[in-house]
$ cat my_file-v6.pdb   # PDB, C-alpha atoms
ATOM      1  CA  MET E1126      23.758  50.287  25.455
ATOM      2  CA  LYS E1127      27.306  51.337  24.807
ATOM      3  CA  LEU E1128      29.735  49.087  26.581
ATOM      4  CA  LYS E1129      33.136  50.605  27.071
ATOM      5  CA  VAL E1130      35.780  48.009  26.375
ATOM      6  CA  ASN E1131      39.413  47.856  25.431
ATOM      7  CA  PRO E1132      39.716  46.456  21.913
ATOM      8  CA  ASN E1133      41.970  43.505  22.705
ATOM      9  CA  ARG E1134      41.660  39.754  22.446
ATOM     10  CA  MET E1135      41.234  39.159  26.156
ATOM     11  CA  GLU E1136      38.235  41.461  26.296
ATOM     12  CA  LEU E1137      36.836  39.696  23.277
ATOM     13  CA  MET E1138      37.085  36.364  25.041
ATOM     14  CA  ARG E1139      35.497  37.736  28.174
ATOM     15  CA  LEU E1140      32.657  39.288  26.247
ATOM     16  CA  LYS E1141      31.934  36.072  24.391
ATOM     17  CA  LYS E1142      31.746  34.139  27.641
ATOM     18  CA  ARG E1143      29.470  36.758  29.088
ATOM     19  CA  LEU E1144      27.198  36.622  26.077
ATOM     20  CA  GLY E1145      26.775  32.877  26.567
ATOM     21  CA  LEU E1146      25.826  33.375  30.206
ATOM     22  CA  VAL E1147      23.386  36.160  29.470
ATOM     23  CA  ARG E1148      21.720  34.157  26.724
ATOM     24  CA  ARG E1149      21.262  31.167  29.042
ATOM     25  CA  GLY E1150      19.895  33.405  31.791
ATOM     26  CA  HIS E1151      17.508  34.983  29.358
ATOM     27  CA  LYS E1152      16.198  31.596  28.281
ATOM     28  CA  LEU E1153      15.687  30.538  31.909
ATOM     29  CA  LEU E1154      13.799  33.704  32.708
ATOM     30  CA  LYS E1155      11.607  33.254  29.675
ATOM     31  CA  ASP E1156      10.765  29.723  30.776
ATOM     32  CA  LYS E1157       9.947  31.012  34.233
ATOM     33  CA  GLN E1158       7.698  33.630  32.728
ATOM     34  CA  GLU E1159       5.829  31.052  30.673
ATOM     35  CA  ASP E1160       5.336  28.778  33.636
ATOM     36  CA  LEU E1161       4.134  31.640  35.820
ATOM     37  CA  MET E1162       1.698  32.645  33.125
ATOM     38  CA  ARG E1163       0.276  29.151  32.869
ATOM     39  CA  ARG E1164      -0.325  28.899  36.621
ATOM     40  CA  PHE E1165      -1.720  32.406  36.629
ATOM     41  CA  TRP E1166      -4.311  31.534  34.007
ATOM     42  CA  SER E1167      -5.476  28.381  35.696
ATOM     43  CA  MET E1168      -5.789  30.171  39.023
ATOM     44  CA  ILE E1169      -7.812  32.955  37.505
ATOM     45  CA  LYS E1170     -10.248  30.533  35.931
ATOM     46  CA  GLU E1171     -10.723  28.684  39.202
ATOM     47  CA  THR E1172     -11.165  31.866  41.162
ATOM     48  CA  GLN E1173     -13.787  33.343  38.875
ATOM     49  CA  GLY E1174     -16.032  30.319  39.258
ATOM     50  CA  LEU E1175     -15.413  30.244  42.990
ATOM     51  CA  ARG E1176     -16.278  33.886  43.400
ATOM     52  CA  LEU E1177     -19.584  33.546  41.579
ATOM     53  CA  LEU E1178     -20.537  30.640  43.790
ATOM     54  CA  VAL E1179     -19.522  32.375  46.989
ATOM     55  CA  GLU E1180     -21.301  35.610  46.138
ATOM     56  CA  GLU E1181     -24.491  33.754  45.333
ATOM     57  CA  ARG E1182     -24.467  31.848  48.585
ATOM     58  CA  LEU E1183     -23.603  34.996  50.501
ATOM     59  CA  MET E1184     -26.644  36.780  49.106
ATOM     60  CA  GLN E1185     -28.787  33.877  50.303
ATOM     61  CA  ALA E1186     -27.234  34.106  53.748
ATOM     62  CA  TYR E1187     -27.667  37.883  53.852
ATOM     63  CA  ASN E1188     -31.310  37.713  52.850
ATOM     64  CA  ALA E1189     -32.064  35.052  55.427
ATOM     65  CA  PHE E1190     -30.335  37.098  58.068
ATOM     66  CA  LEU E1191     -32.221  40.242  57.094
ATOM     67  CA  SER E1192     -35.556  38.551  57.467
ATOM     68  CA  ALA E1193     -34.516  37.070  60.805
ATOM     69  CA  ARG E1194     -33.338  40.516  61.865
ATOM     70  CA  MET E1195     -36.609  42.141  61.006
ATOM     71  CA  GLU E1196     -38.514  39.757  63.192
ATOM     72  CA  ALA E1197     -36.410  40.152  66.292
ATOM     73  CA  SER E1198     -34.902  42.898  68.370
ATOM     74  CA  VAL E1199     -31.247  43.829  68.438
ATOM     75  CA  GLU E1200     -30.657  42.141  71.770
ATOM     76  CA  VAL E1201     -32.211  38.879  70.673
ATOM     77  CA  VAL E1202     -30.150  38.768  67.518
ATOM     78  CA  ASP E1203     -26.974  39.589  69.387
ATOM     79  CA  ASP E1204     -27.692  36.927  71.936
ATOM     80  CA  ALA E1205     -28.400  34.321  69.291
ATOM     81  CA  LEU E1206     -25.185  35.126  67.497
ATOM     82  CA  TRP E1207     -23.225  34.929  70.679
ATOM     83  CA  ARG E1208     -24.692  31.561  71.503
ATOM     84  CA  ALA E1209     -23.972  30.180  68.084
ATOM     85  CA  LYS E1210     -20.482  31.556  68.016
ATOM     86  CA  ARG E1211     -17.692  29.166  67.163
ATOM     87  CA  PRO E1212     -14.253  30.582  67.556
ATOM     88  CA  ILE E1213     -12.025  29.762  64.700
ATOM     89  CA  THR E1214      -8.343  29.237  64.196
ATOM     90  CA  VAL E1215      -6.781  29.818  60.863
ATOM     91  CA  THR E1216      -3.556  28.095  60.044
ATOM     92  CA  ILE E1217      -1.391  29.347  57.269
ATOM     93  CA  SER E1218       0.772  27.039  55.280
ATOM     94  CA  GLN E1219       3.124  28.134  52.580
ATOM     95  CA  ILE E1220       3.570  26.688  49.189
ATOM     96  CA  ASN E1221       6.654  27.480  47.213
ATOM     97  CA  ILE E1222       6.294  27.897  43.496
ATOM     98  CA  LEU E1223       9.234  29.083  41.477
ATOM     99  CA  ASN E1224      10.816  30.890  44.372
ATOM    100  CA  LEU E1225       7.526  32.546  45.299
ATOM    101  CA  ARG E1226       6.058  32.011  48.743
ATOM    102  CA  LEU E1227       2.311  31.625  48.356
ATOM    103  CA  PRO E1228       0.012  31.298  51.379
ATOM    104  CA  GLN E1229      -2.676  28.646  51.740
ATOM    105  CA  PHE E1230      -5.253  28.886  54.478
ATOM    106  CA  GLN E1231      -6.815  26.123  56.523
ATOM    107  CA  PHE E1232      -9.160  26.578  59.406
ATOM    108  CA  GLU E1233     -10.454  24.701  62.372
ATOM    109  CA  TRP E1234     -13.340  25.393  64.634
ATOM    110  CA  ASN E1235     -12.023  25.746  68.136
ATOM    111  CA  THR E1236     -14.879  23.991  69.801
ATOM    112  CA  SER E1237     -16.718  20.939  68.749
ATOM    113  CA  LYS E1238     -20.003  21.832  70.336
ATOM    114  CA  GLN E1239     -23.016  21.534  68.186
ATOM    115  CA  CYS E1240     -24.736  24.732  67.284
ATOM    116  CA  PRO E1241     -27.691  25.114  69.656
ATOM    117  CA  VAL E1242     -31.083  25.720  68.170
ATOM    118  CA  ASN E1243     -32.306  29.241  68.578
ATOM    119  CA  TRP E1244     -35.740  29.320  70.058
ATOM    120  CA  HIS E1245     -36.090  33.050  70.088
ATOM    121  CA  THR E1246     -35.393  33.763  66.484
ATOM    122  CA  SER E1247     -36.995  32.505  63.342
ATOM    123  CA  GLY E1248     -35.610  29.625  61.366
ATOM    124  CA  ASP E1249     -34.079  32.131  58.981
ATOM    125  CA  MET E1250     -31.340  32.847  61.464
ATOM    126  CA  ASP E1251     -30.307  29.208  61.485
ATOM    127  CA  VAL E1252     -30.501  29.077  57.714
ATOM    128  CA  SER E1253     -28.274  32.086  57.429
ATOM    129  CA  LEU E1254     -25.664  30.847  59.874
ATOM    130  CA  ASN E1255     -25.654  27.389  58.364
ATOM    131  CA  ILE E1256     -24.960  28.782  54.926
ATOM    132  CA  LEU E1257     -22.077  30.798  56.299
ATOM    133  CA  LYS E1258     -20.616  27.775  58.050
ATOM    134  CA  GLU E1259     -20.998  25.757  54.877
ATOM    135  CA  ILE E1260     -19.108  28.188  52.700
ATOM    136  CA  MET E1261     -16.229  28.718  55.125
ATOM    137  CA  PRO E1262     -13.873  26.476  53.167
ATOM    138  CA  GLN E1263     -14.767  28.266  49.947
ATOM    139  CA  LEU E1264     -14.222  31.660  51.534
ATOM    140  CA  LEU E1265     -10.762  30.685  52.665
ATOM    141  CA  ASP E1266      -9.972  29.061  49.360
ATOM    142  CA  MET E1267     -11.006  32.213  47.550
ATOM    143  CA  ALA E1268      -8.895  34.344  49.878
ATOM    144  CA  SER E1269      -5.797  32.280  49.311
ATOM    145  CA  LYS E1270      -6.335  32.039  45.539
ATOM    146  CA  GLU E1271      -6.871  35.758  45.117
ATOM    147  CA  LYS E1272      -3.779  36.500  47.169
ATOM    148  CA  CYS E1273      -1.754  34.056  45.107
ATOM    149  CA  ILE E1274      -3.016  35.706  41.938
ATOM    150  CA  GLN E1275      -1.868  39.089  43.176
ATOM    151  CA  LEU E1276       1.558  37.803  44.154
ATOM    152  CA  ILE E1277       2.018  35.946  40.881
ATOM    153  CA  SER E1278       1.035  39.003  38.885
ATOM    154  CA  GLU E1279       3.667  41.096  40.663
ATOM    155  CA  GLU E1280       6.286  38.459  39.952
ATOM    156  CA  LEU E1281       5.166  38.243  36.333
ATOM    157  CA  GLU E1282       5.664  41.950  35.915
ATOM    158  CA  THR E1283       9.155  41.895  37.387
ATOM    159  CA  THR E1284      10.156  38.885  35.337
ATOM    160  CA  ARG E1285       8.790  40.420  32.176
ATOM    161  CA  ARG E1286      10.808  43.591  32.768
ATOM    162  CA  ARG E1287      13.972  41.573  33.295
ATOM    163  CA  VAL E1288      13.405  39.509  30.173
ATOM    164  CA  ASN E1289      12.850  42.655  28.154
ATOM    165  CA  ALA E1290      15.898  44.338  29.598
ATOM    166  CA  LEU E1291      18.068  41.380  28.719
ATOM    167  CA  GLU E1292      16.614  40.929  25.280
ATOM    168  CA  HIS E1293      16.541  44.538  24.138
ATOM    169  CA  VAL E1294      19.356  46.192  26.006
ATOM    170  CA  LEU E1295      22.001  43.879  27.361
ATOM    171  CA  ILE E1296      22.296  41.274  24.620
ATOM    172  CA  PRO E1297      22.407  43.749  21.723
ATOM    173  CA  GLY E1298      24.914  45.850  23.692
ATOM    174  CA  ILE E1299      27.233  42.908  24.149
ATOM    175  CA  CYS E1300      26.893  41.842  20.521
ATOM    176  CA  GLU E1301      27.688  45.345  19.398
ATOM    177  CA  ALA E1302      30.768  45.501  21.604
ATOM    178  CA  ILE E1303      31.948  42.126  20.272
ATOM    179  CA  SER E1304      31.594  43.154  16.670
ATOM    180  CA  SER E1305      33.333  46.478  17.253
ATOM    181  CA  ILE E1306      36.287  44.739  18.893
ATOM    182  CA  GLU E1307      36.495  42.252  16.036
ATOM    183  CA  GLN E1308      36.509  45.116  13.568
ATOM    184  CA  LYS E1309      39.272  46.890  15.454
ATOM    185  CA  LEU E1310      41.356  43.734  15.609
ATOM    186  CA  ASP E1311      40.919  43.182  11.861
ATOM    187  CA  GLU E1312      42.010  46.758  11.247
ATOM    188  CA  VAL E1313      45.111  46.348  13.338
ATOM    189  CA  GLU E1314      45.957  43.118  11.545
ATOM    190  CA  ARG E1315      45.431  44.683   8.139
ATOM    191  CA  SER E1316      47.642  47.638   8.967
ATOM    192  CA  ASN E1317      50.273  45.199  10.244
ATOM    193  CA  LEU E1318      50.160  43.296   6.971
ATOM    194  CA  ALA E1319      50.397  46.519   4.966
ATOM    195  CA  ARG E1320      53.462  47.560   6.957
ATOM    196  CA  LEU E1321      55.104  44.158   6.466
ATOM    197  CA  PHE E1322      54.596  44.344   2.707
ATOM    198  CA  LYS E1323      56.063  47.846   2.613
ATOM    199  CA  VAL E1324      59.112  46.750   4.606
ATOM    200  CA  LYS E1325      59.585  43.742   2.318
ATOM    201  CA  GLU E1326      59.518  46.046  -0.725
ATOM    202  CA  MET E1327      62.085  48.343   0.821
ATOM    203  CA  VAL E1328      64.358  45.467   1.799
ATOM    204  CA  ARG E1329      64.191  43.986  -1.710
ATOM    205  CA  HIS E1330      65.429  47.201  -3.306
TER
ATOM    206  CA  MET K 329      -2.477  30.975  65.015
ATOM    207  CA  SER K 330      -4.152  33.627  63.004
ATOM    208  CA  LYS K 331      -7.482  35.316  62.829
ATOM    209  CA  ILE K 332      -9.869  36.685  60.278
ATOM    210  CA  ALA K 333     -11.267  40.198  60.272
ATOM    211  CA  ILE K 334     -14.142  41.679  58.340
ATOM    212  CA  ILE K 335     -14.919  45.389  57.825
ATOM    213  CA  GLY K 336     -18.166  46.810  56.621
ATOM    214  CA  ASP K 337     -21.517  48.186  57.623
ATOM    215  CA  LYS K 338     -23.033  46.573  60.664
ATOM    216  CA  ASP K 339     -26.016  44.942  59.051
ATOM    217  CA  THR K 340     -23.944  43.146  56.484
ATOM    218  CA  ILE K 341     -21.118  41.848  58.631
ATOM    219  CA  TRP K 342     -23.073  41.063  61.764
ATOM    220  CA  PRO K 343     -23.781  37.392  61.049
ATOM    221  CA  PHE K 344     -20.090  36.710  60.509
ATOM    222  CA  LYS K 345     -19.633  37.093  64.204
ATOM    223  CA  ALA K 346     -21.068  33.625  64.641
ATOM    224  CA  ILE K 347     -18.404  31.971  62.554
ATOM    225  CA  GLY K 348     -15.547  33.398  64.514
ATOM    226  CA  PHE K 349     -14.616  36.457  62.450
ATOM    227  CA  ASN K 350     -13.621  39.605  64.291
ATOM    228  CA  ILE K 351     -16.056  42.173  63.021
ATOM    229  CA  TYR K 352     -15.289  45.853  62.612
ATOM    230  CA  ALA K 353     -18.472  47.736  61.901
ATOM    231  CA  ILE K 354     -18.246  51.270  60.561
ATOM    232  CA  LYS K 355     -21.070  53.761  60.600
ATOM    233  CA  ASP K 356     -19.585  56.316  58.258
ATOM    234  CA  ILE K 357     -17.667  55.202  55.216
ATOM    235  CA  LYS K 358     -15.048  57.831  55.907
ATOM    236  CA  ASP K 359     -14.043  56.041  59.087
ATOM    237  CA  ALA K 360     -13.028  53.078  56.988
ATOM    238  CA  ASN K 361      -9.489  54.275  56.301
ATOM    239  CA  GLU K 362      -8.653  54.685  59.936
ATOM    240  CA  THR K 363     -10.260  51.382  60.902
ATOM    241  CA  PHE K 364      -8.319  49.671  58.150
ATOM    242  CA  ASN K 365      -5.055  51.087  59.408
ATOM    243  CA  GLN K 366      -5.829  49.927  62.919
ATOM    244  CA  ILE K 367      -6.540  46.434  61.673
ATOM    245  CA  LEU K 368      -3.321  46.288  59.695
ATOM    246  CA  GLY K 369      -1.461  46.700  62.942
ATOM    247  CA  LYS K 370      -3.072  43.599  64.394
ATOM    248  CA  GLU K 371      -1.649  40.988  62.036
ATOM    249  CA  TYR K 372      -4.703  39.285  60.686
ATOM    250  CA  ALA K 373      -4.220  36.541  58.153
ATOM    251  CA  ILE K 374      -7.271  37.471  56.086
ATOM    252  CA  ILE K 375      -9.236  40.711  55.972
ATOM    253  CA  PHE K 376     -12.605  40.628  54.266
ATOM    254  CA  VAL K 377     -13.960  43.985  53.178
ATOM    255  CA  THR K 378     -17.296  44.981  51.738
ATOM    256  CA  GLU K 379     -17.198  46.577  48.337
ATOM    257  CA  ASP K 380     -17.821  50.102  49.666
ATOM    258  CA  VAL K 381     -14.937  49.789  52.073
ATOM    259  CA  PHE K 382     -12.772  48.507  49.269
ATOM    260  CA  LYS K 383     -13.460  51.564  47.152
ATOM    261  CA  GLN K 384     -12.752  53.858  50.075
ATOM    262  CA  CYS K 385      -9.509  52.169  51.083
ATOM    263  CA  GLU K 386      -8.321  51.264  47.623
ATOM    264  CA  GLN K 387      -5.018  53.036  47.948
ATOM    265  CA  GLN K 388      -4.140  51.464  51.280
ATOM    266  CA  ILE K 389      -5.013  48.054  49.892
ATOM    267  CA  GLN K 390      -2.869  48.626  46.823
ATOM    268  CA  GLU K 391       0.107  49.437  48.992
ATOM    269  CA  ILE K 392       0.073  46.080  50.722
ATOM    270  CA  ARG K 393      -0.643  43.970  47.680
ATOM    271  CA  ALA K 394       2.910  42.683  47.397
ATOM    272  CA  LEU K 395       2.989  41.363  50.963
ATOM    273  CA  PRO K 396       2.211  37.657  51.428
ATOM    274  CA  LEU K 397      -0.086  38.555  54.356
ATOM    275  CA  PRO K 398      -2.710  39.769  54.981
ATOM    276  CA  ALA K 399      -4.941  38.668  52.151
ATOM    277  CA  VAL K 400      -7.591  41.284  51.437
ATOM    278  CA  VAL K 401     -10.760  39.942  49.829
ATOM    279  CA  THR K 402     -13.865  41.832  48.754
ATOM    280  CA  LEU K 403     -17.333  40.602  49.565
ATOM    281  CA  PRO K 404     -20.649  42.004  48.437
ATOM    282  CA  ASN K 405     -22.702  43.842  51.021
ATOM    283  CA  ASN K 406     -26.263  42.859  51.710
ATOM    284  CA  GLN K 407     -27.591  45.191  49.017
ATOM    285  CA  GLY K 408     -26.108  43.080  46.294
ATOM    286  CA  SER K 409     -22.888  42.623  44.444
ATOM    287  CA  GLN K 410     -21.397  45.501  42.470
ATOM    288  CA  GLY K 411     -18.975  43.255  40.691
ATOM    289  CA  THR K 412     -15.986  44.799  42.436
ATOM    290  CA  GLY K 413     -14.330  41.434  42.960
ATOM    291  CA  ARG K 414     -14.600  40.589  39.315
ATOM    292  CA  LYS K 415     -13.352  44.012  38.219
ATOM    293  CA  ARG K 416     -10.352  43.652  40.481
ATOM    294  CA  LEU K 417      -9.407  40.362  38.863
ATOM    295  CA  GLN K 418      -9.831  41.877  35.422
ATOM    296  CA  GLN K 419      -7.519  44.743  36.280
ATOM    297  CA  ILE K 420      -4.852  42.374  37.492
ATOM    298  CA  LEU K 421      -5.285  40.327  34.338
ATOM    299  CA  ARG K 422      -4.915  43.375  32.142
ATOM    300  CA  LYS K 423      -1.749  44.469  33.884
ATOM    301  CA  ALA K 424      -0.194  41.037  33.754
ATOM    302  CA  VAL K 425      -1.107  40.027  30.247
ATOM    303  CA  GLY K 426      -1.540  43.349  28.545
ATOM    304  CA  SER K 427      -5.129  42.861  27.469
ATOM    305  CA  GLU K 428      -8.469  41.944  29.003
ATOM    306  CA  ILE K 429      -9.267  38.594  27.589
ATOM    307  CA  MET K 430     -11.904  37.520  30.062
TER
END
$ encode --input "my_file-v6.pdb" --output "structure tokens"
Amino acid sequence: MKLKVNPNRMELMRLKKRLGLVRRGHKLLKDKQEDLMRRFWSMIKETQGLRLLVEERLMQAYNAFLSARMEASVEVVDDALWRAKRPITVTISQINILNLRLPQFQFEWNTSKQCPVNWHTSGDMDVSLNILKEIMPQLLDMASKEKCIQLISEELETTRRRVNALEHVLIPGICEAISSIEQKLDEVERSNLARLFKVKEMVRH
Amino acid sequence: MSKIAIIGDKDTIWPFKAIGFNIYAIKDIKDANETFNQILGKEYAIIFVTEDVFKQCEQQIQEIRALPLPAVVTLPNNQGSQGTGRKRLQQILRKAVGSEIM
């Protein structure tokens, strides 16, 4: 990047200060990137295990529900579901990591009534619903982790671009400008010296 | 005070009614895009989608990925898992790190 600067000492001073700032900023961003990466990795590992568990349990719940469904009519199933229904409230809390707002989900059942036993459907219906109730916390945990992973990955990308921009464009540009000013100043000084010598010669004769 | 929604075919998402999710059943997969848009307007905290719906609405889901809410999560449908959730994580990993290590 070609920085346009006047080749004088004040500019040189300004540029040197700026280089110090940019270098510090670059180091900070790099640290941020490393920290983000570390959290990212640990979240991914946790989520993969969680997802396998949840999917397995879901398949059990689905199969139980299917067999209950086959043994009962649509109305009976609907009625049973309605009876067993527990309205739910989800609360969202936010965790701040490195200037990122990441959501965490907690839930509460709105009613404390016990789930009534369904006389009209087979035991599979209860099995299925119980599994679903059991894995509620895992479902929410998975949702919040996957969302966090997405948000962190976006932030990682932005940070990486900034770090690269600083490292490969801005810092070399400033260094180049500094060295070109120093060269110019040396030139001016040398030509001054040459002139002085010439004048001295002339004065002597 | 937020709610959870789930979109998919009726047979798969039906039981979730009992645990307080708001279910949105779709008969034809092509209706999924419109249903998804409707749901986005309702400010759910979490939207669960079956893997078919995810494939159909992939672009819409990509567009909201940078928002803190809603969280969109894929679930298998009752035919079995197609590994969409895992693939999604792998894609994110590849973009973030530059290579698929897992």
$ closest_atom_pairs --input "my_file-v6.pdb" --of "chain K" --to "chain E" --cutoff "8 Å" --atoms "only C-alpha atoms" --output "JSON lines"
{"residue": "K:Met329", "atom": "CA", "partner": "E:Thr1216", "partner_atom": "CA", "distance": 5.8}
{"residue": "K:Ser330", "atom": "CA", "partner": "E:Val1215", "partner_atom": "CA", "distance": 5.1}
{"residue": "K:Lys331", "atom": "CA", "partner": "E:Val1215", "partner_atom": "CA", "distance": 5.9}
{"residue": "K:Ile332", "atom": "CA", "partner": "E:Val1215", "partner_atom": "CA", "distance": 7.6}
{"residue": "K:Thr340", "atom": "CA", "partner": "E:Tyr1187", "partner_atom": "CA", "distance": 7.0}
{"residue": "K:Pro343", "atom": "CA", "partner": "E:Leu1254", "partner_atom": "CA", "distance": 6.9}
{"residue": "K:Phe344", "atom": "CA", "partner": "E:Leu1257", "partner_atom": "CA", "distance": 7.5}
{"residue": "K:Lys345", "atom": "CA", "partner": "E:Leu1206", "partner_atom": "CA", "distance": 6.7}
{"residue": "K:Ala346", "atom": "CA", "partner": "E:Lys1210", "partner_atom": "CA", "distance": 4.0}
{"residue": "K:Ile347", "atom": "CA", "partner": "E:Arg1211", "partner_atom": "CA", "distance": 5.4}
{"residue": "K:Gly348", "atom": "CA", "partner": "E:Pro1212", "partner_atom": "CA", "distance": 4.3}
{"residue": "K:Phe349", "atom": "CA", "partner": "E:Ile1213", "partner_atom": "CA", "distance": 7.5}
{"residue": "K:Ala373", "atom": "CA", "partner": "E:Val1215", "partner_atom": "CA", "distance": 7.7}
{"residue": "K:Ile374", "atom": "CA", "partner": "E:Ala1268", "partner_atom": "CA", "distance": 7.1}
{"residue": "K:Arg393", "atom": "CA", "partner": "E:Gln1275", "partner_atom": "CA", "distance": 6.8}
{"residue": "K:Ala394", "atom": "CA", "partner": "E:Leu1276", "partner_atom": "CA", "distance": 6.0}
{"residue": "K:Leu395", "atom": "CA", "partner": "E:Leu1276", "partner_atom": "CA", "distance": 7.8}
{"residue": "K:Pro396", "atom": "CA", "partner": "E:Pro1228", "partner_atom": "CA", "distance": 6.7}
{"residue": "K:Leu397", "atom": "CA", "partner": "E:Pro1228", "partner_atom": "CA", "distance": 7.8}
{"residue": "K:Ala399", "atom": "CA", "partner": "E:Lys1272", "partner_atom": "CA", "distance": 5.6}
{"residue": "K:Val400", "atom": "CA", "partner": "E:Ala1268", "partner_atom": "CA", "distance": 7.2}
{"residue": "K:Val401", "atom": "CA", "partner": "E:Ala1268", "partner_atom": "CA", "distance": 5.9}
{"residue": "K:Leu403", "atom": "CA", "partner": "E:Glu1180", "partner_atom": "CA", "distance": 7.2}
{"residue": "K:Pro404", "atom": "CA", "partner": "E:Glu1180", "partner_atom": "CA", "distance": 6.8}
{"residue": "K:Asn406", "atom": "CA", "partner": "E:Tyr1187", "partner_atom": "CA", "distance": 5.6}
{"residue": "K:Gly408", "atom": "CA", "partner": "E:Met1184", "partner_atom": "CA", "distance": 6.9}
{"residue": "K:Ser409", "atom": "CA", "partner": "E:Glu1180", "partner_atom": "CA", "distance": 7.4}
{"residue": "K:Gly413", "atom": "CA", "partner": "E:Arg1176", "partner_atom": "CA", "distance": 7.8}
{"residue": "K:Arg414", "atom": "CA", "partner": "E:Gln1173", "partner_atom": "CA", "distance": 7.3}
{"residue": "K:Leu417", "atom": "CA", "partner": "E:Ile1169", "partner_atom": "CA", "distance": 7.7}
{"residue": "K:Ile420", "atom": "CA", "partner": "E:Ser1278", "partner_atom": "CA", "distance": 6.9}
{"residue": "K:Leu421", "atom": "CA", "partner": "E:Ser1278", "partner_atom": "CA", "distance": 7.9}
{"residue": "K:Lys423", "atom": "CA", "partner": "E:Ser1278", "partner_atom": "CA", "distance": 7.9}
{"residue": "K:Ala424", "atom": "CA", "partner": "E:Ser1278", "partner_atom": "CA", "distance": 5.7}
$ atom_distance --input "my_file-v6.pdb" --atom1 "CA of Leu1291 in chain E" --atom2 "CA of Ile1303 in chain E"
16.3 Å
$ atom_distance --input "my_file-v6.pdb" --atom1 "CA of Asp1251 in chain E" --atom2 "CA of Ala1189 in chain E"
8.6 Å
$ closest_residue --input "my_file-v6.pdb" --among "K:Pro398, K:Gln419, K:Gln388, K:Gln407" --to "Tyr372 in chain K" --atoms "only C-alpha atoms"
K:Pro398
$ atom_distance --input "my_file-v6.pdb" --atom1 "CA of Thr1284 in chain E" --atom2 "CA of Leu1153 in chain E"
10.6 Å
$ residues_around --input "my_file-v6.pdb" --residues "Val1288 in chain E" --least-positions-apart "6" --cutoff "10 Å" --atoms "all atoms listed in the file" --output "list in words"
Gly1150, His1151, Lys1152, Leu1153, Leu1154, Lys1155, Gln1158, Glu1282 and Val1294 of chain E
$ resolve_selection --input "my_file-v6.pdb" --expression "the PyMOL selection byres ((chain K and resi 378) around 9)" --output "list in words"
Ile334, Ile335, Gly336, Asp337, Thr340, Ile341, Phe376, Val377, Glu379, Asp380, Val381, Phe382, Lys383, Val401, Thr402, Leu403, Pro404 and Asn405 of chain K
$ closest_residue --input "my_file-v6.pdb" --among "E:Gln1231, E:Ile1222, E:Arg1182, E:Val1147" --to "Arg1287 in chain E" --atoms "all atoms listed in the file"
E:Val1147
$ decode --input "my_file-v6.pdb" --residues "range 343-383 of chain K" --atoms "C-alpha atoms" --output "PDB file, in the first residue's frame"
ATOM      1  CA  PRO K 343     -45.172 -35.638  19.559  1.00  0.00           C
ATOM      2  CA  PHE K 344     -43.334 -32.388  20.221  1.00  0.00           C
ATOM      3  CA  LYS K 345     -46.672 -30.791  20.784  1.00  0.00           C
ATOM      4  CA  ALA K 346     -46.762 -32.410  24.196  1.00  0.00           C
ATOM      5  CA  ILE K 347     -43.614 -30.712  25.378  1.00  0.00           C
ATOM      6  CA  GLY K 348     -44.816 -27.252  24.588  1.00  0.00           C
ATOM      7  CA  PHE K 349     -43.301 -26.649  21.150  1.00  0.00           C
ATOM      8  CA  ASN K 350     -45.378 -24.791  18.596  1.00  0.00           C
ATOM      9  CA  ILE K 351     -45.568 -27.188  15.705  1.00  0.00           C
ATOM     10  CA  TYR K 352     -45.766 -26.168  12.069  1.00  0.00           C
ATOM     11  CA  ALA K 353     -46.558 -29.180   9.953  1.00  0.00           C
ATOM     12  CA  ILE K 354     -46.042 -28.971   6.208  1.00  0.00           C
ATOM     13  CA  LYS K 355     -47.545 -31.346   3.701  1.00  0.00           C
ATOM     14  CA  ASP K 356     -45.482 -30.362   0.702  1.00  0.00           C
ATOM     15  CA  ILE K 357     -41.818 -29.597   1.096  1.00  0.00           C
ATOM     16  CA  LYS K 358     -42.197 -26.610  -1.181  1.00  0.00           C
ATOM     17  CA  ASP K 359     -44.399 -24.899   1.378  1.00  0.00           C
ATOM     18  CA  ALA K 360     -41.479 -24.913   3.763  1.00  0.00           C
ATOM     19  CA  ASN K 361     -39.975 -21.638   2.565  1.00  0.00           C
ATOM     20  CA  GLU K 362     -43.141 -19.697   3.101  1.00  0.00           C
ATOM     21  CA  THR K 363     -43.810 -21.299   6.478  1.00  0.00           C
ATOM     22  CA  PHE K 364     -40.270 -20.493   7.524  1.00  0.00           C
ATOM     23  CA  ASN K 365     -40.693 -16.863   6.586  1.00  0.00           C
ATOM     24  CA  GLN K 366     -43.914 -16.661   8.550  1.00  0.00           C
ATOM     25  CA  ILE K 367     -42.215 -18.110  11.597  1.00  0.00           C
ATOM     26  CA  LEU K 368     -39.326 -15.681  11.366  1.00  0.00           C
ATOM     27  CA  GLY K 369     -41.806 -12.890  11.842  1.00  0.00           C
ATOM     28  CA  LYS K 370     -42.968 -14.326  15.144  1.00  0.00           C
ATOM     29  CA  GLU K 371     -39.757 -13.992  17.139  1.00  0.00           C
ATOM     30  CA  TYR K 372     -39.118 -17.485  18.340  1.00  0.00           C
ATOM     31  CA  ALA K 373     -36.019 -18.109  20.386  1.00  0.00           C
ATOM     32  CA  ILE K 374     -35.307 -21.517  18.861  1.00  0.00           C
ATOM     33  CA  ILE K 375     -36.560 -23.041  15.623  1.00  0.00           C
ATOM     34  CA  PHE K 376     -36.056 -26.756  15.156  1.00  0.00           C
ATOM     35  CA  VAL K 377     -36.242 -27.986  11.586  1.00  0.00           C
ATOM     36  CA  THR K 378     -36.214 -31.466  10.142  1.00  0.00           C
ATOM     37  CA  GLU K 379     -33.410 -32.223   7.757  1.00  0.00           C
ATOM     38  CA  ASP K 380     -35.621 -32.008   4.651  1.00  0.00           C
ATOM     39  CA  VAL K 381     -36.837 -28.585   5.657  1.00  0.00           C
ATOM     40  CA  PHE K 382     -33.274 -27.534   6.283  1.00  0.00           C
ATOM     41  CA  LYS K 383     -32.231 -28.479   2.773  1.00  0.00           C
TER      42      LYS K 383
END
